[in-house]
Amino acid sequence: MIALTLPFPDLTPEIFTIELFGSQFALRWYALAYIVGIVIAWRLAVAALRRTALWPAGQPPMRPAQVEDLLTWIILGVILGGRLGYVLFYQPGYYLENPTEILRIWQGGMAFHGGLLGVIFATWVYAIRNQIPRLQIADLVAHTVPPGLLLGRLANFNNAELWGRTTDLPWGVAFPGRAAQSCGQAVGEICARHPSQLYEALLEGLILGAVLLWLVYRRNGLRHPGLVTGVFLAGYGAARFMVEFVRQPDAQFVTIDNPLGLAWHIGGYGLTMGQFLSLPMIAIGVVLVLRSRRPSTVPA
């Protein structure tokens, strides 16, 4: 097969830079993705709460005005959980030796699975403090997440980061940078890679988001506590597990004896860190979906 290697678009991570009081401040595409994703999630949550017919017995778990308070908790959960997840899951040794760099979020290093755990913890605490059914608030949050994932993966692509393994498929992309172009090719040849960020944007953002909205507004999914959350967890976990087969593994896991970057392996078989962390998501998601199908008169 002849590869039609696509040139990487001439874009930069920064949208614009301004100078104030002798210091430069930049708005980056990734930061904008976070901001827009949070705004969309806020509006989706408010819209769902205002549609009382979507909820069991026509009773939403909280008032639309409470969403802003919940968002504050969620933002803290995303930032703290995402950073700590990256530190603990991907580079614990490095940060154990350099603990002062843990708080340097602006240097990069966030893990989705850590951010998810942070959001779960923050939402759980908020629900307990405000006496809100936990599974219902989880469903509310879950159906608002995919737009942020879509925008975040598009920002990853724009930043030329988290690219995929080498490929000769027609849509392979030549990402810039020494690391992306160091794949053992002949002198003068271009290294084409899977645009794994776009695969994830399509699966985790667009398709999963469409399924969840269909479930909420066409199949009365919110009337079955845990169903929407379960579909989200299982759907994201399955999508991430599949994309990991073509996504370039984290450099710290790649060695001469482990060229595939498997975090857990026996011989030549194993799992990447992303796949290993996705398996519990799939399992918990399936359990929640099955549990939601049982009749219950107690708010969950």
# chains A, B, ... in the order shown; residues from 1 in each chain; ligands from 1
call {"tool": "closest_atom_pairs", "arguments": {"of": "segment 182-217 of chain A", "to": "segment 54-70 of chain A", "cutoff": "12 Å", "atoms": "only C-alpha atoms", "output": "JSON lines"}}
result
{"residue": "A:Leu213", "atom": "CA", "partner": "A:Leu54", "partner_atom": "CA", "distance": 11.8}
{"residue": "A:Leu215", "atom": "CA", "partner": "A:Leu54", "partner_atom": "CA", "distance": 10.5}
{"residue": "A:Val216", "atom": "CA", "partner": "A:Leu54", "partner_atom": "CA", "distance": 7.3}
{"residue": "A:Tyr217", "atom": "CA", "partner": "A:Leu54", "partner_atom": "CA", "distance": 7.3}
call {"tool": "write_last_selection", "arguments": {"atoms": "C-alpha atoms", "output": "PDB file, in the first residue's frame"}}
result
ATOM      1  CA  LEU A 213     -27.440  12.272  24.305  1.00  0.00           C
ATOM      2  CA  LEU A 215     -29.829   7.688  25.665  1.00  0.00           C
ATOM      3  CA  VAL A 216     -30.811  10.716  27.759  1.00  0.00           C
ATOM      4  CA  TYR A 217     -33.290  12.418  25.421  1.00  0.00           C
TER       5      TYR A 217
END
call {"tool": "residues_around", "arguments": {"residues": "segment 108-119 of chain A", "least_positions_apart": "2", "cutoff": "7 Å", "atoms": "only C-alpha atoms", "output": "PyMOL selection string"}}
result
chain A and resi 74+77-86+105-106+121-123
call {"tool": "closest_residue", "arguments": {"among": "A:Ala192, A:Val87, A:Glu97, A:Ser292", "to": "Leu169 of chain A", "atoms": "only C-alpha atoms"}}
result
A:Ala192
call {"tool": "select_by_dssp", "arguments": {"residues": "segment 171-269 of chain A", "states": "alpha helix (DSSP H)", "output": "VMD selection string"}}
result
chain A and resid 196 to 200 208 to 217 227 to 243
call {"tool": "write_last_selection", "arguments": {"atoms": "C-alpha atoms", "output": "CSV table (one decimal), in the first residue's frame"}}
result
chain,number,residue,atom,x,y,z
A,196,SER,CA,-4.5,8.7,17.3
A,197,GLN,CA,-5.7,11.9,18.8
A,198,LEU,CA,-8.3,12.2,16.0
A,199,TYR,CA,-9.3,8.5,16.6
A,200,GLU,CA,-10.0,9.3,20.2
A,208,LEU,CA,-19.8,8.4,22.7
A,209,GLY,CA,-21.4,11.9,23.1
A,210,ALA,CA,-24.0,11.2,20.5
A,211,VAL,CA,-24.9,7.8,22.2
A,212,LEU,CA,-25.2,9.4,25.6
A,213,LEU,CA,-27.4,12.3,24.3
A,214,TRP,CA,-29.6,9.7,22.5
A,215,LEU,CA,-29.8,7.7,25.7
A,216,VAL,CA,-30.8,10.7,27.8
A,217,TYR,CA,-33.3,12.4,25.4
A,227,LEU,CA,-27.2,3.6,33.2
A,228,VAL,CA,-25.7,6.8,31.7
A,229,THR,CA,-22.7,6.6,33.9
A,230,GLY,CA,-22.2,2.9,33.1
A,231,VAL,CA,-22.4,3.5,29.3
A,232,PHE,CA,-20.0,6.4,29.6
A,233,LEU,CA,-17.4,4.3,31.6
A,234,ALA,CA,-17.7,1.2,29.4
A,235,GLY,CA,-17.7,3.3,26.2
A,236,TYR,CA,-14.7,5.4,27.1
A,237,GLY,CA,-12.8,2.4,28.4
A,238,ALA,CA,-13.5,0.3,25.3
A,239,ALA,CA,-12.6,3.2,23.0
A,240,ARG,CA,-9.3,4.0,24.8
A,241,PHE,CA,-8.4,0.3,25.0
A,242,MET,CA,-8.7,0.0,21.2
A,243,VAL,CA,-6.9,3.2,20.3
call {"tool": "atom_distance", "arguments": {"atom1": "atom CA of Leu288 of chain A", "atom2": "atom CA of Gly221 of chain A"}}
result
12.5 Å
call {"tool": "closest_residue", "arguments": {"among": "A:Ile284, A:Leu149, A:Leu140, A:Val246", "to": "Arg51 of chain A", "atoms": "only C-alpha atoms"}}
result
A:Leu140
call {"tool": "atom_distance", "arguments": {"atom1": "atom CA of Arg291 of chain A", "atom2": "atom CA of Ala138 of chain A"}}
result
14.5 Å
call {"tool": "closest_atom_pairs", "arguments": {"of": "segment 73-164 of chain A", "to": "segment 173-188 of chain A", "cutoff": "12 Å", "atoms": "only C-alpha atoms", "output": "JSON lines"}}
result
{"residue": "A:Asn156", "atom": "CA", "partner": "A:Phe175", "partner_atom": "CA", "distance": 11.7}
{"residue": "A:Phe157", "atom": "CA", "partner": "A:Phe175", "partner_atom": "CA", "distance": 9.1}
{"residue": "A:Asn158", "atom": "CA", "partner": "A:Phe175", "partner_atom": "CA", "distance": 9.9}
{"residue": "A:Asn159", "atom": "CA", "partner": "A:Phe175", "partner_atom": "CA", "distance": 9.6}
{"residue": "A:Ala160", "atom": "CA", "partner": "A:Phe175", "partner_atom": "CA", "distance": 6.1}
{"residue": "A:Glu161", "atom": "CA", "partner": "A:Phe175", "partner_atom": "CA", "distance": 8.5}
{"residue": "A:Leu162", "atom": "CA", "partner": "A:Ala180", "partner_atom": "CA", "distance": 9.7}
{"residue": "A:Trp163", "atom": "CA", "partner": "A:Phe175", "partner_atom": "CA", "distance": 7.7}
{"residue": "A:Gly164", "atom": "CA", "partner": "A:Ala180", "partner_atom": "CA", "distance": 9.1}
call {"tool": "write_last_selection", "arguments": {"atoms": "C-alpha atoms", "output": "PDB file, in the first residue's frame"}}
result
ATOM      1  CA  ASN A 156      -3.675  17.344  21.422  1.00  0.00           C
ATOM      2  CA  PHE A 157      -3.581  16.969  17.636  1.00  0.00           C
ATOM      3  CA  ASN A 158      -3.010  20.684  17.157  1.00  0.00           C
ATOM      4  CA  ASN A 159      -0.177  20.572  19.690  1.00  0.00           C
ATOM      5  CA  ALA A 160       1.417  17.600  17.855  1.00  0.00           C
ATOM      6  CA  GLU A 161       1.431  15.504  21.032  1.00  0.00           C
ATOM      7  CA  LEU A 162       0.216  12.019  21.980  1.00  0.00           C
ATOM      8  CA  TRP A 163       0.567  10.874  18.388  1.00  0.00           C
ATOM      9  CA  GLY A 164       0.278   7.276  17.248  1.00  0.00           C
TER      10      GLY A 164
END
call {"tool": "atom_distance", "arguments": {"atom1": "atom CA of Arg247 of chain A", "atom2": "atom CA of Arg165 of chain A"}}
result
5.4 Å
